[in-house]
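**Student:** Here it is, the structure in full.
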Amino acid sequence: MEQDYNIFGIRAVIEAINAGKSVDKVFVQKGLRGDLIQELEQLLRKESIGTSYVPVEKLNRLTKKNHQGVVAQIAPIAFHNLDDLVLNVVESGIVPLFLILDQISDVRNFGAIIRTAECTGVSGIIVQKKGGAPLNADAVKTSAGAIFNIPICKVDHIKDAIFHMQASGIKVVAATEKTDNLLYDVSFTEPCAIVMGSEGDGINPSVLKIVDDKAKLPILGSIDSLNVSVACGAFLYEVVRQRR
């Protein structure tokens, strides 16, 4: 299944990008030199495509074929335009519920979040173009196919997406331990978007400064945090409970 989402070879990746393929992430061998690789790197920067420089062993695990030091992962879905998605949801009459993922890096967490989001009626998921987990075969498998049933948008900057939500009358709530507000004290009955942070660092401080509200889950044990996909599920089902 992984092979279905991989293309390899410098020229092949360049042509895929120029043809408008949904290239999710590109892995480039460390130390690679030459005019063609420079052309690819310029294109990756221009299109804001996530790029990781990795040892050749990583590329050899991705494909057994002659990759020439470059492997690209093609997203199994077409990404949605954020402006169009927000407008369509607002005009649909459904109370919007969006999920904004700030640098979720583990692909299985990503897939699990997509699965829960689809089950709880999330209107769309917004991720940043760079720094997040790839939409690959593992994400498809972990999402149990939900990835094909929920709109996903990629944006240059998470903060721009938040500003757009707010301008559209959608309240943005950050899931963070850096607050005294418990999840159950926040109203989710109005149009809202929930921001979930990365596994290691949580939500970026610059993002926390611009959200409308913050909420945390009560932690009763000695471990001070939950897995992000579990925490996301708790938040989304609180929305479901309040809106019933």
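Chains: A, B, ... in order of the structure tokens. Residues: from 1 per chain. Ligands: from 1, in order shown.
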Using DSSP assignments from the backbone, pull out every residue in range 138-190 of chain A that falls under helix (DSSP H, G or I) and give it to me as a list in words.
**Tutor:** Asp138, Ala139, Val140, Lys141, Thr142, Ala146, Ile147, Phe148, Ile158, Lys159, Asp160, Ala161, Ile162, Phe163, His164, Met165, Gln166, Ala167, Leu183, Tyr184 and Asp185 of chain A
**Student:** Might you pull out every residue within 10 Å of Thr116 in chain A, with only C-alpha atoms counted and same-chain residues fewer than 6 positions away left off, and present them as a list in words?
**Tutor:**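 What passes the distance filter is Val122, Ser143, Ala146, Ser229, Val230, Cys232, Gly233, Ala234, Leu236 and Tyr237 of chain A.
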**Student:** Could those selected residues go to a file with N, CA, C and O atoms, as a PDB file, in the first residue's frame?
**Tutor:**
```pdb
ATOM      1  N   VAL A 122     -17.018  16.440  12.591  1.00  0.00           N
ATOM      2  CA  VAL A 122     -16.149  17.594  12.333  1.00  0.00           C
ATOM      3  C   VAL A 122     -16.311  18.040  10.882  1.00  0.00           C
ATOM      4  O   VAL A 122     -16.335  17.221   9.964  1.00  0.00           O
ATOM      5  N   SER A 143      -6.764   5.683  10.168  1.00  0.00           N
ATOM      6  CA  SER A 143      -8.045   6.399  10.126  1.00  0.00           C
ATOM      7  C   SER A 143      -9.202   5.494   9.761  1.00  0.00           C
ATOM      8  O   SER A 143     -10.361   5.919   9.794  1.00  0.00           O
ATOM      9  N   ALA A 146     -11.492   6.860   7.174  1.00  0.00           N
ATOM     10  CA  ALA A 146     -12.188   8.126   7.438  1.00  0.00           C
ATOM     11  C   ALA A 146     -11.559   9.289   6.685  1.00  0.00           C
ATOM     12  O   ALA A 146     -12.216  10.295   6.410  1.00  0.00           O
ATOM     13  N   SER A 229      -4.204  12.141  20.538  1.00  0.00           N
ATOM     14  CA  SER A 229      -5.402  11.620  19.878  1.00  0.00           C
ATOM     15  C   SER A 229      -6.499  11.300  20.897  1.00  0.00           C
ATOM     16  O   SER A 229      -7.686  11.481  20.625  1.00  0.00           O
ATOM     17  N   VAL A 230      -6.090  10.847  22.087  1.00  0.00           N
ATOM     18  CA  VAL A 230      -7.061  10.582  23.153  1.00  0.00           C
ATOM     19  C   VAL A 230      -7.663  11.891  23.652  1.00  0.00           C
ATOM     20  O   VAL A 230      -8.883  12.014  23.834  1.00  0.00           O
ATOM     21  N   CYS A 232      -7.879  14.674  22.039  1.00  0.00           N
ATOM     22  CA  CYS A 232      -8.727  15.213  20.976  1.00  0.00           C
ATOM     23  C   CYS A 232     -10.099  14.555  21.009  1.00  0.00           C
ATOM     24  O   CYS A 232     -11.125  15.220  20.864  1.00  0.00           O
ATOM     25  N   GLY A 233     -10.125  13.242  21.218  1.00  0.00           N
ATOM     26  CA  GLY A 233     -11.403  12.538  21.309  1.00  0.00           C
ATOM     27  C   GLY A 233     -12.260  13.044  22.451  1.00  0.00           C
ATOM     28  O   GLY A 233     -13.481  13.212  22.307  1.00  0.00           O
ATOM     29  N   ALA A 234     -11.631  13.327  23.601  1.00  0.00           N
ATOM     30  CA  ALA A 234     -12.376  13.838  24.747  1.00  0.00           C
ATOM     31  C   ALA A 234     -12.990  15.202  24.426  1.00  0.00           C
ATOM     32  O   ALA A 234     -14.147  15.476  24.774  1.00  0.00           O
ATOM     33  N   LEU A 236     -13.715  16.453  21.394  1.00  0.00           N
ATOM     34  CA  LEU A 236     -14.744  16.360  20.354  1.00  0.00           C
ATOM     35  C   LEU A 236     -16.040  15.759  20.901  1.00  0.00           C
ATOM     36  O   LEU A 236     -17.137  16.197  20.529  1.00  0.00           O
ATOM     37  N   TYR A 237     -15.930  14.790  21.783  1.00  0.00           N
ATOM     38  CA  TYR A 237     -17.158  14.203  22.323  1.00  0.00           C
ATOM     39  C   TYR A 237     -17.827  15.109  23.345  1.00  0.00           C
ATOM     40  O   TYR A 237     -19.036  14.996  23.575  1.00  0.00           O
TER      41      TYR A 237
END
```
**Student:** Going by DSSP on the backbone, which bits of range 50-226 of chain A are strand (DSSP E or B)? Write them as an NGL selection string, please.
**Tutor:** :A and (50-54 or 70-74 or 80 or 97-102 or 124-128 or 152-155 or 171-175 or 182 or 192-198 or 202 or 213-216)
**Student:** With a cut-off of 10 Å, could you pull out the residues of range 213-234 of chain A touching range 195-208 of chain A and give me the nearest pair of atoms for each, distance in Å to one decimal, using only C-alpha atoms, ordered by chain and ascending number, as a tab-separated table?
**Tutor:**
```
residue	atom	partner	partner_atom	distance
A:Asp213	CA	A:Leu208	CA	8.8
A:Lys214	CA	A:Leu208	CA	8.1
A:Ser225	CA	A:Glu199	CA	9.8
A:Leu226	CA	A:Glu199	CA	9.3
A:Asn227	CA	A:Glu199	CA	7.3
A:Val228	CA	A:Glu199	CA	6.2
A:Ser229	CA	A:Met196	CA	9.0
A:Ala231	CA	A:Met196	CA	8.6
A:Cys232	CA	A:Met196	CA	6.9
```
**Student:** For the residues in the current selection, export N, CA and C atoms as a compact mmCIF listing (two decimals), in the first residue's frame.
**Tutor:**
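This is the output file again-v1.txt:
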```txt
# COMPACT_ATOMS: atom_id res chain seq x y z
N ASP A 213 -10.40 31.28 23.37
CA ASP A 213 -10.57 30.63 24.66
C ASP A 213 -9.59 29.48 24.77
N LYS A 214 -9.38 29.02 26.01
CA LYS A 214 -8.50 27.88 26.27
C LYS A 214 -9.21 26.92 27.22
N SER A 225 -0.17 14.41 31.29
CA SER A 225 -0.80 14.68 29.99
C SER A 225 -1.29 13.39 29.35
N LEU A 226 -2.22 13.54 28.40
CA LEU A 226 -2.75 12.41 27.65
C LEU A 226 -2.14 12.38 26.25
N ASN A 227 -2.20 11.23 25.61
CA ASN A 227 -1.88 11.14 24.19
C ASN A 227 -2.77 12.12 23.44
N VAL A 228 -2.22 12.81 22.44
CA VAL A 228 -2.97 13.87 21.77
C VAL A 228 -4.24 13.36 21.09
N SER A 229 -4.20 12.14 20.54
CA SER A 229 -5.40 11.62 19.88
C SER A 229 -6.50 11.30 20.90
N ALA A 231 -6.80 12.89 23.88
CA ALA A 231 -7.29 14.19 24.34
C ALA A 231 -8.23 14.82 23.31
N CYS A 232 -7.88 14.67 22.04
CA CYS A 232 -8.73 15.21 20.98
C CYS A 232 -10.10 14.56 21.01
```
**Student:** Kindly assemble as a Markdown table a list of the range 98-204 of chain A residues that lie within 6 Å of range 67-89 of chain A, each paired with its nearest atom pair and their distance in Å to one decimal, using only C-alpha atoms, sorted first by chain and then by ascending residue number.
**Tutor:**
```
| residue | atom | partner | partner_atom | distance |
| --- | --- | --- | --- | --- |
| A:Leu135 | CA | A:Ala75 | CA | 5.5 |
| A:Ile152 | CA | A:Phe79 | CA | 5.6 |
| A:Cys153 | CA | A:His80 | CA | 4.9 |
```
**Student:** Export, as a PDB file, in the first residue's frame, the selected residues with N, CA, C and O atoms.
**Tutor:**
```
ATOM      1  N   LEU A 135       0.420  12.509   5.110  1.00  0.00           N
ATOM      2  CA  LEU A 135      -0.802  11.739   4.831  1.00  0.00           C
ATOM      3  C   LEU A 135      -0.410  10.545   3.971  1.00  0.00           C
ATOM      4  O   LEU A 135      -0.534  10.583   2.760  1.00  0.00           O
ATOM      5  N   ILE A 152      -9.923  17.992   4.316  1.00  0.00           N
ATOM      6  CA  ILE A 152      -8.675  18.379   4.960  1.00  0.00           C
ATOM      7  C   ILE A 152      -8.050  19.519   4.171  1.00  0.00           C
ATOM      8  O   ILE A 152      -7.951  19.454   2.946  1.00  0.00           O
ATOM      9  N   CYS A 153      -7.653  20.569   4.883  1.00  0.00           N
ATOM     10  CA  CYS A 153      -7.027  21.728   4.250  1.00  0.00           C
ATOM     11  C   CYS A 153      -5.586  21.845   4.715  1.00  0.00           C
ATOM     12  O   CYS A 153      -5.281  21.601   5.883  1.00  0.00           O
TER      13      CYS A 153
END
```
**Student:** Using only C-alpha atoms, which of the listed residues (A:Lys171, A:Lys130, A:Arg45, A:Lys21) sits closest to Ile104 in chain A?
**Tutor:**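 Looking at the shortest contact to Ile104 in chain A, the residue is A:Lys130.
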**Student:** Please list as a list in words every residue within 12 Å of Glu118 in chain A, counting only C-alpha atoms and excluding residues in the same chain fewer than 5 positions away.
**Tutor:**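 Result of the neighbour search: Leu97, Phe98, Leu99, Gly111, Ala112, Ile113, Ser123, Gly124, Ile125, Ser143, Ala144, Gly145, Ala146, Ile147, Phe148, Asn149, Ile150, Pro151, Ile152, Gly233, Leu236 and Tyr237 of chain A.
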**Student:** Create the file for the chosen residues now, containing C-alpha atoms and written as a PDB file, in the first residue's frame.
**Tutor:**
```
ATOM      1  CA  LEU A  97     -16.964  22.403  14.067  1.00  0.00           C
ATOM      2  CA  PHE A  98     -13.406  22.576  12.775  1.00  0.00           C
ATOM      3  CA  LEU A  99     -10.238  20.943  14.013  1.00  0.00           C
ATOM      4  CA  GLY A 111      -4.846   8.928  11.521  1.00  0.00           C
ATOM      5  CA  ALA A 112      -6.579   8.267  14.839  1.00  0.00           C
ATOM      6  CA  ILE A 113      -7.578  11.933  15.105  1.00  0.00           C
ATOM      7  CA  SER A 123     -16.660  19.902   9.351  1.00  0.00           C
ATOM      8  CA  GLY A 124     -13.015  19.912   8.313  1.00  0.00           C
ATOM      9  CA  ILE A 125      -9.444  19.525   9.516  1.00  0.00           C
ATOM     10  CA  SER A 143      -8.045   6.399  10.126  1.00  0.00           C
ATOM     11  CA  ALA A 144      -9.942   3.262   9.015  1.00  0.00           C
ATOM     12  CA  GLY A 145     -10.739   5.037   5.737  1.00  0.00           C
ATOM     13  CA  ALA A 146     -12.188   8.126   7.438  1.00  0.00           C
ATOM     14  CA  ILE A 147      -9.573  10.191   5.626  1.00  0.00           C
ATOM     15  CA  PHE A 148     -11.679   9.862   2.465  1.00  0.00           C
ATOM     16  CA  ASN A 149     -14.825  11.196   4.173  1.00  0.00           C
ATOM     17  CA  ILE A 150     -13.682  14.428   5.800  1.00  0.00           C
ATOM     18  CA  PRO A 151     -12.300  17.588   4.157  1.00  0.00           C
ATOM     19  CA  ILE A 152      -8.675  18.379   4.960  1.00  0.00           C
ATOM     20  CA  GLY A 233     -11.403  12.538  21.309  1.00  0.00           C
ATOM     21  CA  LEU A 236     -14.744  16.360  20.354  1.00  0.00           C
ATOM     22  CA  TYR A 237     -17.158  14.203  22.323  1.00  0.00           C
TER      23      TYR A 237
END
```
**Student:** Quick one: pull the distance between CA of Asp102 in chain A and CA of Gly132 in chain A, Å, one decimal.
**Tutor:**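 Going from CA of Asp102 in chain A over to CA of Gly132 in chain A covers 7.7 Å.
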**Student:** Can you work out which one of A:Lys216, A:Gln242, A:Asn136, A:Asp160 has the shortest atom-to-atom distance to Phe188 in chain A, counting only C-alpha atoms?
**Tutor:**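 Of A:Lys216, A:Gln242, A:Asn136, A:Asp160, the one nearest Phe188 in chain A, counting only C-alpha atoms, is A:Gln242.
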**Student:** Show me, as a ChimeraX atom specification, the residues that have an atom within 12 Å of Leu62 in chain A when counting only C-alpha atoms, minus same-chain residues fewer than 3 positions from it.
**Tutor:** /A:1-8,26-28,54-59,65-67,69-73,136-137
**Student:** Under the rule that only C-alpha atoms are counted, which of A:Val239, A:Ile194, A:Ile14, A:Leu183 is the nearest residue to Leu217 in chain A?
**Tutor:**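 Between A:Val239, A:Ile194, A:Ile14, A:Leu183, the residue approaching Leu217 in chain A most closely is A:Leu183.
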**Student:** Skipping near chain neighbours, those fewer than 3 positions away, what residues fall within 10 Å of Pro218 in chain A using only C-alpha atoms, listed as a list of chain:residue names?
**Tutor:**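 The contact residues come out as A:Glu177, A:Asn181, A:Leu182, A:Leu183, A:Tyr184, A:Ala215, A:Gly221, A:Asp224, A:Ser225.
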